[in-house]
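Enquirer: Below are the structure tokens for one structure; questions will follow.
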Amino acid sequence: MKYYIAFDCGTMGTKTALYSVDSTLIAEAYRENKISYPLPGRAEMDANGFVENVRSGIRECLAKSAIDPADVRAVSASGIICGIVGIDKNWNPVTPFVSYLDNRAADEARFVRENVAPVWEEESGNIIVDEFMPPLILRWFLNEYTDFRKKAVKVVNNGPFVLGALAGLSARDAFLDWATMSGWLIGYDAIKRDWSPKQLDALGIPAEILPRIVKPWDIVGYLCKEEAEKMGLPAGIPIAAGAGDTMQSSLASGLWEPGLASDVAGTASIFAVAVEKPDRRITAANGMMFATGTLANSYFYWSMIRAGGLSLRWFRDNVANRAGDPAFYSEMDALASSVPAGSGGLLFYPYLQGAGPDVHGACGVFAGLTGASGRGEMWRSILEAIAFEYAQMIKIYRECGIPLKEIIGTEGGSKSAVWNQIKADILGGAYNIPSRSEGGLMADTAVAAYSVGDIKDIHTTMKEWTTYRARFEPNAHTAEIYRNIFAVRQKLLSVTMPDLFGSLDQIRKL
């Protein structure tokens, strides 16, 4: 039998799995990741923490499965597309891993918006310049991080960082796959799928600090002896470059044809729509970002709610004081299912980590709390808030001629039936749930198998592996209620909330 190890280094947790060549999930493991918030608007992670979680997860998978480790054919992975860490020549991290949750690069983003011509629009298909983007975080490292240029030789995303650590690579071998690269949004050419000298020059980023670009199925190294011994594997197992988590989740969910949409309901809630090529009308819209898919000639637009799923974890950990309790989410869903649409007049704005340059000073807000508001109303209002944010995005796509009648829900949030129905009602389209909940791990497995020649075509293989278990149709009556609430919510967001956000920002700075 042929087996493959796949792992996904996400924001809230690291998932590790062992698959056979026919896509059977043999064993899986999950480890929560630690996020530190040293200052308001800051969010940091330890890059080595991802490595240790993968080591531990692999050991657990091997123990559960009792397979012969010699039958593991390849390793591949997915990781966060908007986040980087600086490494020295020996692949040691010299900075924290800074992701899309962090706002430290706000001044860098403002400087670029105000002083640099958007030379990236034609090549990358993007015009957005925001603080969560890796090129802006890198500019902050270059300009503000003490001794960064003396210590750092390269920067990489977290998925490649872990894969490189397992292979015992040095900085001269640093790599980034072409899909994760597009998560940088600017600085690269989407058609050529490589860095753009013109854009890097405009951004003030030295090319020598960037990793080389590879295909997701390229073998970037082999499991080194030291790491193999820590996990109970034989040394020399091929390691494939993998791809970004958003791209792999989209591939595994069935986002194969232009016009289909997927909701990656993870820590950052991501809405993606497959397209044939860039569309200037969509590119010009606020928050719409163009990206390359895992496979050649695959493209999509995506938008992100930075603290989508994080809002649920925040409520669990910081409000309910139930950190790490796996039963909490289902308990809250049960309460929310008995609350009518609209949560009793309670609105939530899910901006715990900001909302981009056009909503200055944005923060999380509950509006409309009364003595009748309980946990059920608060939880449902959070679920509704994410769907309302998506509704803003869908409106733009439909205005550009993309009907979006079919939406595919993936990742942890798709396990919530009440949330799936809320999304179907608010978004006005059928919400489909894949039969399997592993998300991008299944696509990681296909990449690993393809990298060593065990499958002939990733696209065909994913079509064979992907089926759907549930479909949520919009309820006409509830959908009408939500349309009316959405109109009021948007009016508040454009007229009332900017002043509130500005005032609260002043208070936080006192």
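Starting from 1 in every chain, residues are counted up; chains themselves are A, B, ... following the order of the structure tokens, and ligands are numbered from 1 as listed.
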Extract the full set of helix (DSSP H, G or I) residues from segment 140-387 of chain A according to DSSP on the backbone, and format it as a PyMOL selection string.
Expert: chain A and resi 140-144+148-151+158-167+171-173+178-182+197-203+207-209+225-231+245-253+280-283+308-319+328-337+343-345+375-387
Enquirer: Given only C-alpha atoms, how would the per-residue table for segment 176-253 of chain A near segment 159-164 of chain A read, listing every residue at most 12 Å away with its closest atom pair and distance in Å to one decimal, sorted by chain and number, as a tab-separated table?
Expert:
```
residue	atom	partner	partner_atom	distance
A:Leu176	CA	A:Pro160	CA	6.4
A:Asp177	CA	A:Pro160	CA	8.3
A:Trp178	CA	A:Pro160	CA	11.8
A:Ala179	CA	A:Gly159	CA	11.9
A:Thr180	CA	A:Gly159	CA	9.1
A:Met181	CA	A:Pro160	CA	11.1
A:Pro211	CA	A:Pro160	CA	9.9
A:Arg212	CA	A:Pro160	CA	11.3
A:Ile213	CA	A:Pro160	CA	11.2
A:Val214	CA	A:Pro160	CA	11.0
A:Pro216	CA	A:Pro160	CA	10.6
A:Ile219	CA	A:Leu163	CA	10.7
A:Val220	CA	A:Gly164	CA	8.0
A:Gly221	CA	A:Gly164	CA	7.6
A:Tyr222	CA	A:Gly164	CA	9.2
A:Leu223	CA	A:Leu163	CA	8.8
A:Cys224	CA	A:Gly164	CA	9.8
A:Glu227	CA	A:Leu163	CA	10.8
A:Ile237	CA	A:Leu163	CA	11.8
A:Pro238	CA	A:Leu163	CA	10.5
A:Ile239	CA	A:Leu163	CA	7.1
A:Ala240	CA	A:Leu163	CA	8.2
A:Ala241	CA	A:Pro160	CA	6.8
A:Gly242	CA	A:Pro160	CA	7.9
A:Ala243	CA	A:Gly159	CA	8.0
A:Gly244	CA	A:Gly159	CA	7.8
A:Asp245	CA	A:Gly159	CA	8.9
```
Enquirer: Can you list, as number ranges by chain, every protein, DNA or RNA residue that comes within 10 Å of Tyr100 of chain A when you count only C-alpha atoms, leaving out same-chain residues fewer than 5 positions away?
Expert: A: 11, 42-44, 80-84, 130-134, 137, 268, 304, 306-307, 353
Enquirer: Under the rule that only C-alpha atoms are counted, which of A:Ser182, A:Glu32, A:Leu203, A:Lys198 is the nearest residue to Glu108 of chain A?
Expert: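 That would be A:Leu203, the residue with the smallest distance to Glu108 of chain A.
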Enquirer: What separation in Å, quoted to one decimal, exists between atom CA of Arg193 of chain A and atom CA of Ser262 of chain A?
Expert: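 Between these atoms lies a distance of 22.9 Å.
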Enquirer: Can you tell me how far atom CA of Phe141 of chain A sits from atom CA of Ala106 of chain A, in Å to one decimal?
Expert: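 Calculated distance between atom CA of Phe141 of chain A and atom CA of Ala106 of chain A is 12.6 Å.
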Enquirer: Return the single residue from A:Ala117, A:Leu493, A:Met288, A:Ala448 that is closest to Asp201 of chain A, with distances computed using only C-alpha atoms.
Expert: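 When distances to Asp201 of chain A are compared using only C-alpha atoms, the smallest one comes from A:Ala117.
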Enquirer: What does the distance between atom CA of Thr294 of chain A and atom CA of Val51 of chain A come to in Å, to one decimal place?
Expert: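 These atoms are spaced 23.1 Å apart.
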Enquirer: Sorted by chain and rising residue number, list the residues of segment 249-332 of chain A at most 10 Å from segment 371-376 of chain A (counting only C-alpha atoms), each with its closest atom pair and distance in Å to one decimal, as a Markdown table.
Expert:
```
| residue | atom | partner | partner_atom | distance |
| --- | --- | --- | --- | --- |
| A:Phe315 | CA | A:Arg375 | CA | 9.7 |
| A:Val319 | CA | A:Arg375 | CA | 10.0 |
| A:Ala320 | CA | A:Arg375 | CA | 9.0 |
| A:Glu331 | CA | A:Gly376 | CA | 9.4 |
| A:Met332 | CA | A:Gly376 | CA | 6.3 |
```
